[in-house]
file entry_4.txt (compact mmCIF, C-alpha atoms)
# COMPACT_ATOMS: atom_id res chain seq x y z
CA PRO A 1 142.16 108.77 27.21
CA ALA A 2 144.28 110.25 29.97
CA MET A 3 141.41 112.58 30.97
CA TYR A 4 138.92 109.67 31.06
CA GLU A 5 141.35 107.63 33.16
CA LEU A 6 141.88 110.57 35.54
CA ALA A 7 138.10 111.14 35.87
CA GLU A 8 137.49 107.45 36.54
CA SER A 9 140.20 107.44 39.20
CA GLY A 10 138.59 110.53 40.76
CA PHE A 11 135.19 108.82 40.91
CA ASP A 12 136.74 105.73 42.47
CA TYR A 13 138.41 107.92 45.06
CA LEU A 14 135.13 109.69 45.86
CA ASP A 15 133.33 106.35 46.15
CA GLY A 16 135.98 105.24 48.62
CA LEU A 17 135.57 108.43 50.64
CA VAL A 18 131.77 107.98 50.76
CA ALA A 19 132.12 104.33 51.84
CA GLU A 20 134.61 105.22 54.58
CA THR A 21 132.38 108.09 55.75
CA MET A 22 129.32 105.86 55.95
CA ARG A 23 131.28 103.16 57.77
CA GLY A 24 132.65 105.69 60.23
CA TYR A 25 129.20 107.15 60.80
CA ALA A 26 127.70 103.69 61.39
CA GLU A 27 130.45 102.84 63.86
CA ALA A 28 129.93 106.13 65.69
CA VAL A 29 126.18 105.56 65.90
CA ALA A 30 126.75 101.99 67.10
CA ARG A 31 129.15 103.20 69.77
CA GLN A 32 126.72 105.90 70.84
CA THR A 33 123.80 103.47 70.89
CA GLY A 34 125.82 100.87 72.77
CA GLU A 35 126.92 103.46 75.32
CA ARG A 36 123.34 104.62 75.81
CA LEU A 37 122.12 101.05 76.25
CA ARG A 38 124.92 100.43 78.75
CA LEU A 39 123.99 103.55 80.74
CA GLN A 40 120.32 102.64 80.57
CA ARG A 41 121.00 99.12 81.83
CA ARG A 42 123.06 100.47 84.75
CA LEU A 43 120.28 102.90 85.66
CA LEU A 44 117.70 100.10 85.48
CA ASP A 45 119.78 97.85 87.70
CA LEU A 46 120.27 100.66 90.20
CA LEU A 47 116.56 101.47 90.37
CA LEU A 48 115.41 97.86 90.58
CA ALA A 49 117.88 96.77 93.25
CA THR A 50 116.09 95.43 96.32
CA HIS A 51 118.58 97.06 98.68
CA HIS A 52 120.27 100.37 97.91
CA ARG A 53 123.92 100.78 98.88
CA GLY A 54 125.78 103.96 99.75
CA ASP A 55 124.30 107.29 98.78
CA PHE A 56 121.52 106.09 96.50
CA ALA A 57 120.20 109.57 95.70
CA ASP A 58 123.57 110.85 94.48
CA ALA A 59 124.27 107.71 92.42
CA LEU A 60 120.80 107.88 90.89
CA ALA A 61 121.15 111.56 90.00
CA GLU A 62 124.55 110.92 88.40
CA HIS A 63 123.39 107.97 86.28
CA ALA A 64 120.20 109.76 85.21
CA ALA A 65 122.14 112.89 84.24
CA ARG A 66 124.59 110.91 82.10
CA LEU A 67 121.67 109.32 80.30
CA GLY A 68 119.68 112.56 80.09
CA TRP A 69 116.74 110.98 81.91
CA PRO A 70 114.69 113.43 84.02
CA LEU A 71 114.01 111.96 87.46
CA PRO A 72 110.24 111.42 87.91
CA ALA A 73 108.40 111.37 91.22
CA TYR A 74 106.65 108.07 90.48
CA VAL A 75 107.35 105.09 88.25
CA ALA A 76 105.67 101.82 87.33
CA VAL A 77 107.68 98.75 86.38
CA GLY A 78 106.54 96.34 83.70
CA VAL A 79 107.55 92.75 82.97
CA LEU A 80 106.92 91.40 79.45
CA LEU A 81 106.55 87.93 77.97
CA ARG A 82 108.08 87.64 74.51
CA PRO A 83 105.54 86.64 71.85
CA ALA A 84 108.48 85.12 69.92
CA ARG A 85 112.25 84.90 70.33
CA GLU A 86 112.84 87.33 67.46
CA ALA A 87 110.10 89.77 68.50
CA VAL A 88 110.90 93.42 67.78
CA ALA A 89 111.21 95.57 70.88
CA PRO A 90 108.05 97.59 71.58
CA ALA A 91 108.35 101.25 70.61
CA VAL A 92 107.68 102.55 74.12
CA GLY A 93 109.13 106.00 73.59
CA HIS A 94 112.32 107.79 74.62
CA GLY A 95 111.42 108.36 78.28
CA VAL A 96 110.71 104.70 79.08
CA LEU A 97 113.69 102.62 80.22
CA LEU A 98 113.51 99.27 78.40
CA ASP A 99 115.77 96.28 79.02
CA MET A 100 115.43 93.67 76.27
CA GLU A 101 118.46 91.64 77.40
CA CYS A 102 116.51 89.74 80.05
CA GLU A 103 114.55 86.56 79.32
CA GLN A 104 111.51 88.54 80.40
CA PRO A 105 112.09 92.14 79.27
CA ARG A 106 111.63 94.83 81.90
CA MET A 107 110.65 98.45 81.55
CA ILE A 108 110.43 101.41 83.88
CA VAL A 109 107.70 103.90 82.98
CA PRO A 110 108.09 107.41 84.43
CA ASP A 111 104.92 109.17 85.61
CA PRO A 112 102.70 106.27 84.46
CA ASP A 113 99.47 108.20 85.05
CA ALA A 114 100.53 111.21 82.96
CA ALA A 115 98.10 112.28 80.25
CA GLY A 116 98.39 110.05 77.19
CA ARG A 117 100.93 107.67 78.75
CA PRO A 118 98.55 104.67 79.23
CA ASP A 119 97.31 104.89 75.62
CA LEU A 120 100.86 105.18 74.30
CA LEU A 121 101.98 102.10 76.20
CA ARG A 122 98.92 100.12 75.12
CA ARG A 123 99.65 100.84 71.46
CA ALA A 124 103.39 100.21 71.84
CA THR A 125 102.93 96.82 73.53
CA ALA A 126 100.20 95.51 71.21
CA GLY A 127 100.86 91.82 70.60
CA TRP A 128 102.82 91.43 73.84
CA SER A 129 101.73 89.87 77.12
CA GLY A 130 102.91 91.03 80.50
CA ALA A 131 102.05 93.03 83.56
CA MET A 132 102.54 96.57 84.77
CA GLY A 133 103.19 96.98 88.49
CA PRO A 134 101.52 99.68 90.58
CA PRO A 135 102.87 103.25 90.56
CA VAL A 136 105.39 103.75 93.38
CA PRO A 137 107.86 106.45 94.43
CA LEU A 138 111.03 106.35 92.35
CA ALA A 139 113.18 104.87 95.14
CA GLU A 140 110.71 101.98 95.58
CA ALA A 141 110.71 100.73 91.98
CA ALA A 142 111.66 97.21 93.16
CA LYS A 143 108.25 96.91 94.84
CA SER A 144 106.46 97.59 91.57
CA LEU A 145 108.71 95.02 89.87
CA ARG A 146 107.83 92.42 92.50
CA TRP A 147 104.09 92.76 91.86
CA ALA A 148 104.54 92.76 88.08
CA GLY A 149 106.62 89.59 88.34
CA ALA A 150 103.97 87.94 90.52
CA ALA A 151 101.29 88.81 87.97
CA VAL A 152 103.35 87.37 85.10
CA ARG A 153 103.80 84.10 87.02
CA LEU A 154 100.03 83.87 87.46
CA MET A 155 99.62 84.53 83.73
CA GLU A 156 101.98 81.65 82.97
CA LEU A 157 99.87 79.42 85.23
CA GLY A 158 96.71 80.47 83.41
CA GLN A 159 95.28 82.18 86.50
CA LEU A 160 95.37 85.66 84.96
CA PRO A 161 94.44 86.54 81.36
CA SER A 162 97.24 86.80 78.81
CA GLY A 163 97.42 88.40 75.37
CA ALA A 164 97.91 91.95 76.63
CA VAL A 165 99.84 93.93 79.22
CA LEU A 166 97.53 94.01 82.23
CA HIS A 167 97.74 96.39 85.19
CA CYS A 168 98.25 94.91 88.64
CA THR A 169 95.98 97.53 90.19
CA GLU A 170 93.07 95.98 88.27
CA HIS A 171 93.78 92.47 89.61
CA THR A 172 94.47 93.15 93.28
CA GLU A 173 92.28 90.32 94.57
CA ALA A 174 94.07 87.67 92.51
CA LEU A 175 97.52 89.00 93.40
CA VAL A 176 96.73 89.03 97.11
CA LEU A 177 94.99 85.65 97.33
CA LEU A 178 96.68 83.42 94.76
CA PRO A 179 100.49 83.71 95.21
CA PRO A 180 100.70 82.43 98.84
CA ALA A 181 99.11 79.14 97.74
CA GLU A 182 100.46 77.10 100.66
CA LEU A 183 99.04 79.45 103.28
CA ILE A 184 95.66 79.67 101.58
CA GLU A 185 95.47 75.90 101.12
CA ASP A 186 96.33 75.28 104.75
CA LEU A 187 93.64 77.72 105.82
CA ALA A 188 91.19 76.13 103.38
CA ARG A 189 91.82 72.65 104.82
CA ARG A 190 90.96 73.90 108.27
CA ARG A 191 88.02 76.16 107.48
CA LEU A 192 86.39 73.95 104.84
CA ALA A 193 86.86 70.71 106.75
CA PRO A 194 83.07 70.30 107.26
CA LEU A 195 82.69 69.83 103.48
CA LEU A 196 84.71 66.61 103.69
CA HIS A 197 81.56 64.91 104.90
CA CYS A 198 79.73 65.91 101.69
CA GLY A 199 80.01 64.57 98.18
CA PRO A 200 81.87 66.63 95.54
CA THR A 201 78.71 68.05 93.94
CA GLN A 202 76.98 68.84 97.21
CA GLY A 203 80.20 70.30 98.64
CA ARG A 204 80.63 72.61 95.65
CA ARG A 205 77.02 73.82 95.88
CA LEU A 206 77.28 74.48 99.61
CA ALA A 207 80.58 76.32 99.12
CA GLU A 208 79.04 78.43 96.35
CA THR A 209 76.02 79.26 98.53
CA LEU A 210 78.19 80.04 101.55
CA LEU A 211 80.32 82.45 99.51
CA ALA A 212 77.23 84.18 98.12
CA TRP A 213 75.88 84.60 101.64
CA LEU A 214 79.21 85.90 102.97
CA GLU A 215 79.51 88.43 100.15
CA THR A 216 75.94 89.72 100.28
CA ARG A 217 74.71 88.88 103.80
CA GLY A 218 71.34 89.01 102.10
CA GLY A 219 68.26 86.85 102.42
CA ALA A 220 67.30 83.76 100.47
CA PRO A 221 65.69 85.67 97.54
CA GLU A 222 68.80 87.81 96.98
CA ILE A 223 71.17 84.82 97.19
CA ALA A 224 68.87 82.78 94.94
CA ALA A 225 68.95 85.51 92.28
CA ARG A 226 72.73 85.58 92.51
CA LEU A 227 73.01 81.81 92.11
CA GLY A 228 70.14 81.31 89.68
CA VAL A 229 68.26 78.85 91.90
CA HIS A 230 64.95 78.81 93.80
CA PRO A 231 64.86 80.64 97.17
CA GLN A 232 63.66 77.48 98.87
CA THR A 233 66.81 75.71 97.63
CA VAL A 234 68.90 78.45 99.21
CA ARG A 235 67.06 78.12 102.53
CA TYR A 236 67.72 74.40 102.56
CA ARG A 237 71.42 74.91 101.83
CA LEU A 238 71.73 77.61 104.49
CA ARG A 239 70.28 75.21 107.06
CA GLN A 240 72.89 72.64 106.03
CA ILE A 241 75.64 75.26 106.33
CA ARG A 242 74.45 76.14 109.81
CA GLU A 243 74.50 72.47 110.78
CA LEU A 244 78.00 71.93 109.38
CA TRP A 245 79.74 75.05 110.69
CA GLY A 246 77.62 75.85 113.73
CA ASP A 247 78.54 79.04 115.55
CA GLU A 248 81.63 79.59 113.36
CA VAL A 249 79.51 81.43 110.78
CA ASP A 250 78.63 83.97 113.48
CA ASP A 251 82.27 84.74 114.30
CA PRO A 252 83.55 87.74 112.24
CA ASP A 253 87.10 86.35 112.05
CA ARG A 254 85.90 82.93 110.88
CA ARG A 255 83.59 84.50 108.31
CA PHE A 256 86.49 86.58 106.98
CA GLU A 257 88.71 83.50 106.67
CA LEU A 258 85.94 81.51 105.00
CA GLU A 259 85.41 84.28 102.45
CA LEU A 260 89.16 84.45 101.75
CA VAL A 261 89.54 80.75 100.98
CA LEU A 262 86.32 80.60 98.96
CA ARG A 263 87.28 83.65 96.90
CA ALA A 264 90.67 82.05 96.22
CA ARG A 265 88.90 78.93 94.95
CA ARG A 266 86.70 81.01 92.70
CA LEU A 267 89.75 82.80 91.27
CA ARG A 268 91.24 79.38 90.44
CA GLY A 269 88.03 78.41 88.65
CA GLU A 270 86.92 75.87 91.25
CA LEU A 271 83.75 77.88 91.95
CA PRO A 272 81.71 79.78 89.34
CA ALA A 273 81.72 83.55 89.18
CA PRO A 274 78.48 85.31 90.26
CA GLY A 275 75.77 85.05 87.63
CA ARG A 276 77.27 82.01 85.88
call {"tool": "encode", "arguments": {"input": "entry_4.txt", "output": "structure tokens"}}
result
Amino acid sequence: PAMYELAESGFDYLDGLVAETMRGYAEAVARQTGERLRLQRRLLDLLLATHHRGDFADALAEHAARLGWPLPAYVAVGVLLRPAREAVAPAVGHGVLLDMECEQPRMIVPDPDAAGRPDLLRRATAGWSGAMGPPVPLAEAAKSLRWAGAAVRLMELGQLPSGAVLHCTEHTEALVLLPPAELIEDLARRRLAPLLHCGPTQGRRLAETLLAWLETRGGAPEIAARLGVHPQTVRYRLRQIRELWGDEVDDPDRRFELELVLRARRLRGELPAPGR
């Protein structure tokens, strides 16, 4: 009986040692993970600051070295929209700096055009919506963040497609024309004032025809094929356009402004896309 009692006490002691070891290991890992996340967050904040203070290059090198993050020549910054509050962080890989503490998570992708990087990110962010800013030099990461943020705002307004992480470089027209809505609307009021004398349906058709002519500078048959109407209908509309705008359609600056405001309206869905 004494031997059994001694053996049982020994097993209890070993179990206690194992439990303490596992607890200590878990605490060490948690501390290490927490420290890495803290360093990563500080590096993210440093890179994404709009204005750099002091010796930015030295501070960046120090923070990157402490994290073990090789400094790339170019980065792209992404902004994500959570599919759900409890969504698991995307497995973007060790080299990508990911900040999940923000309402809209941010990530900095080093060398975004490197071989295999786009496919890796696409797989990692499956099920997420968001936008990836254009590649920029490392010190200009805030610029990439600004464009990604603008794209996400347009996604929330339904003016850019959601359901995936899109690339700003593939939606340049929308990002240039849609965000300064007040400026575009003011220009539209002035340049499209002649349409106020037309009914809604006629005004939309004339605007559609005018945009097709501005984009192609082709003849009636080409514009008719683009719009899906008879060439004679196009000729009639072009005569109306000439009567409404007069010599303005011959001025290169006015034509450019007209095309800008009409393209913005098409991006907002107020005019059909070509071929529809």
call {"tool": "closest_residue", "arguments": {"input": "entry_4.txt", "among": "A:Glu101, A:Tyr74, A:Glu208, A:Leu14", "to": "A:Pro272", "atoms": "all atoms listed in the file"}}
result
A:Glu208
call {"tool": "residues_near_point", "arguments": {"input": "entry_4.txt", "point": "(94.2, 77.6, 100.0)", "cutoff": "12 Å", "atoms": "only C-alpha atoms", "output": "ChimeraX atom specification"}}
result
/A:177-192,257-268,270
call {"tool": "write_last_selection", "arguments": {"input": "entry_4.txt", "atoms": "C-alpha atoms", "output": "compact mmCIF listing (two decimals), keeping the file's coordinate frame"}}
result
# COMPACT_ATOMS: atom_id res chain seq x y z
CA LEU A 177 94.99 85.65 97.33
CA LEU A 178 96.68 83.42 94.76
CA PRO A 179 100.49 83.71 95.21
CA PRO A 180 100.70 82.43 98.84
CA ALA A 181 99.11 79.14 97.74
CA GLU A 182 100.46 77.10 100.66
CA LEU A 183 99.04 79.45 103.28
CA ILE A 184 95.66 79.67 101.58
CA GLU A 185 95.47 75.90 101.12
CA ASP A 186 96.33 75.28 104.75
CA LEU A 187 93.64 77.72 105.82
CA ALA A 188 91.19 76.13 103.38
CA ARG A 189 91.82 72.65 104.82
CA ARG A 190 90.96 73.90 108.27
CA ARG A 191 88.02 76.16 107.48
CA LEU A 192 86.39 73.95 104.84
CA GLU A 257 88.71 83.50 106.67
CA LEU A 258 85.94 81.51 105.00
CA GLU A 259 85.41 84.28 102.45
CA LEU A 260 89.16 84.45 101.75
CA VAL A 261 89.54 80.75 100.98
CA LEU A 262 86.32 80.60 98.96
CA ARG A 263 87.28 83.65 96.90
CA ALA A 264 90.67 82.05 96.22
CA ARG A 265 88.90 78.93 94.95
CA ARG A 266 86.70 81.01 92.70
CA LEU A 267 89.75 82.80 91.27
CA ARG A 268 91.24 79.38 90.44
CA GLU A 270 86.92 75.87 91.25
call {"tool": "residues_near_point", "arguments": {"input": "entry_4.txt", "point": "(78.0, 75.2, 94.7)", "cutoff": "10 Å", "atoms": "all atoms listed in the file", "output": "number ranges by chain"}}
result
A: 200-212, 227, 237, 270-272
call {"tool": "write_last_selection", "arguments": {"input": "entry_4.txt", "atoms": "C-alpha atoms", "output": "PDB file, in the frame of the given file"}}
result
ATOM      1  CA  PRO A 200      81.870  66.630  95.540  1.00  0.00           C
ATOM      2  CA  THR A 201      78.710  68.050  93.940  1.00  0.00           C
ATOM      3  CA  GLN A 202      76.980  68.840  97.210  1.00  0.00           C
ATOM      4  CA  GLY A 203      80.200  70.300  98.640  1.00  0.00           C
ATOM      5  CA  ARG A 204      80.630  72.610  95.650  1.00  0.00           C
ATOM      6  CA  ARG A 205      77.020  73.820  95.880  1.00  0.00           C
ATOM      7  CA  LEU A 206      77.280  74.480  99.610  1.00  0.00           C
ATOM      8  CA  ALA A 207      80.580  76.320  99.120  1.00  0.00           C
ATOM      9  CA  GLU A 208      79.040  78.430  96.350  1.00  0.00           C
ATOM     10  CA  THR A 209      76.020  79.260  98.530  1.00  0.00           C
ATOM     11  CA  LEU A 210      78.190  80.040 101.550  1.00  0.00           C
ATOM     12  CA  LEU A 211      80.320  82.450  99.510  1.00  0.00           C
ATOM     13  CA  ALA A 212      77.230  84.180  98.120  1.00  0.00           C
ATOM     14  CA  LEU A 227      73.010  81.810  92.110  1.00  0.00           C
ATOM     15  CA  ARG A 237      71.420  74.910 101.830  1.00  0.00           C
ATOM     16  CA  GLU A 270      86.920  75.870  91.250  1.00  0.00           C
ATOM     17  CA  LEU A 271      83.750  77.880  91.950  1.00  0.00           C
ATOM     18  CA  PRO A 272      81.710  79.780  89.340  1.00  0.00           C
TER      19      PRO A 272
END
call {"tool": "residues_around", "arguments": {"input": "entry_4.txt", "residues": "A:Val249", "least_positions_apart": "5", "cutoff": "10 Å", "atoms": "all atoms listed in the file", "output": "count of residues only"}}
result
9
call {"tool": "closest_atom_pairs", "arguments": {"input": "entry_4.txt", "of": "stretch 112-146 of chain A", "to": "stretch 156-176 of chain A", "cutoff": "10 Å", "atoms": "all atoms listed in the file", "output": "Markdown table"}}
result
| residue | atom | partner | partner_atom | distance |
| --- | --- | --- | --- | --- |
| A:Leu121 | CA | A:Val165 | CA | 9.0 |
| A:Arg122 | CA | A:Val165 | CA | 7.5 |
| A:Thr125 | CA | A:Val165 | CA | 7.1 |
| A:Ala126 | CA | A:Ala164 | CA | 6.9 |
| A:Gly127 | CA | A:Ala164 | CA | 6.7 |
| A:Trp128 | CA | A:Ala164 | CA | 5.7 |
| A:Ser129 | CA | A:Ala164 | CA | 4.4 |
| A:Gly130 | CA | A:Val165 | CA | 4.4 |
| A:Ala131 | CA | A:Leu166 | CA | 4.8 |
| A:Met132 | CA | A:His167 | CA | 4.8 |
| A:Gly133 | CA | A:Cys168 | CA | 5.4 |
| A:Pro134 | CA | A:Thr169 | CA | 6.0 |
| A:Pro135 | CA | A:Thr169 | CA | 9.0 |
| A:Ser144 | CA | A:Cys168 | CA | 9.1 |
call {"tool": "residues_around", "arguments": {"input": "entry_4.txt", "residues": "A:Ala61", "least_positions_apart": "2", "cutoff": "12 Å", "atoms": "all atoms listed in the file", "output": "PyMOL selection string"}}
result
chain A and resi 43+46-47+55-59+63-72+138-139
call {"tool": "atom_distance", "arguments": {"input": "entry_4.txt", "atom1": "atom CA of A:His94", "atom2": "atom CA of A:Ile108"}}
result
11.4 Å
call {"tool": "atom_distance", "arguments": {"input": "entry_4.txt", "atom1": "atom CA of A:Arg82", "atom2": "atom CA of A:Gln104"}}
result
6.9 Å
call {"tool": "atom_distance", "arguments": {"input": "entry_4.txt", "atom1": "atom CA of A:Arg36", "atom2": "atom CA of A:Leu17"}}
result
28.2 Å
call {"tool": "decode", "arguments": {"input": "entry_4.txt", "residues": "stretch 170-188 of chain A", "atoms": "C-alpha atoms", "output": "tab-separated table (two decimals), in the first residue's frame"}}
result
chain	number	residue	atom	x	y	z
A	170	GLU	CA	-8.57	48.48	-62.27
A	171	HIS	CA	-11.14	51.16	-61.31
A	172	THR	CA	-9.23	54.37	-61.99
A	173	GLU	CA	-12.07	56.08	-63.84
A	174	ALA	CA	-14.54	55.61	-60.98
A	175	LEU	CA	-12.01	56.70	-58.35
A	176	VAL	CA	-11.14	59.86	-60.27
A	177	LEU	CA	-14.66	60.91	-61.25
A	178	LEU	CA	-16.93	59.81	-58.40
A	179	PRO	CA	-15.36	60.98	-55.09
A	180	PRO	CA	-15.38	64.77	-55.78
A	181	ALA	CA	-19.17	64.64	-56.22
A	182	GLU	CA	-19.75	68.33	-55.47
A	183	LEU	CA	-17.28	69.49	-58.12
A	184	ILE	CA	-18.61	67.11	-60.75
A	185	GLU	CA	-22.22	68.04	-59.99
A	186	ASP	CA	-21.45	71.74	-60.23
A	187	LEU	CA	-19.75	71.19	-63.57
A	188	ALA	CA	-22.66	69.01	-64.72
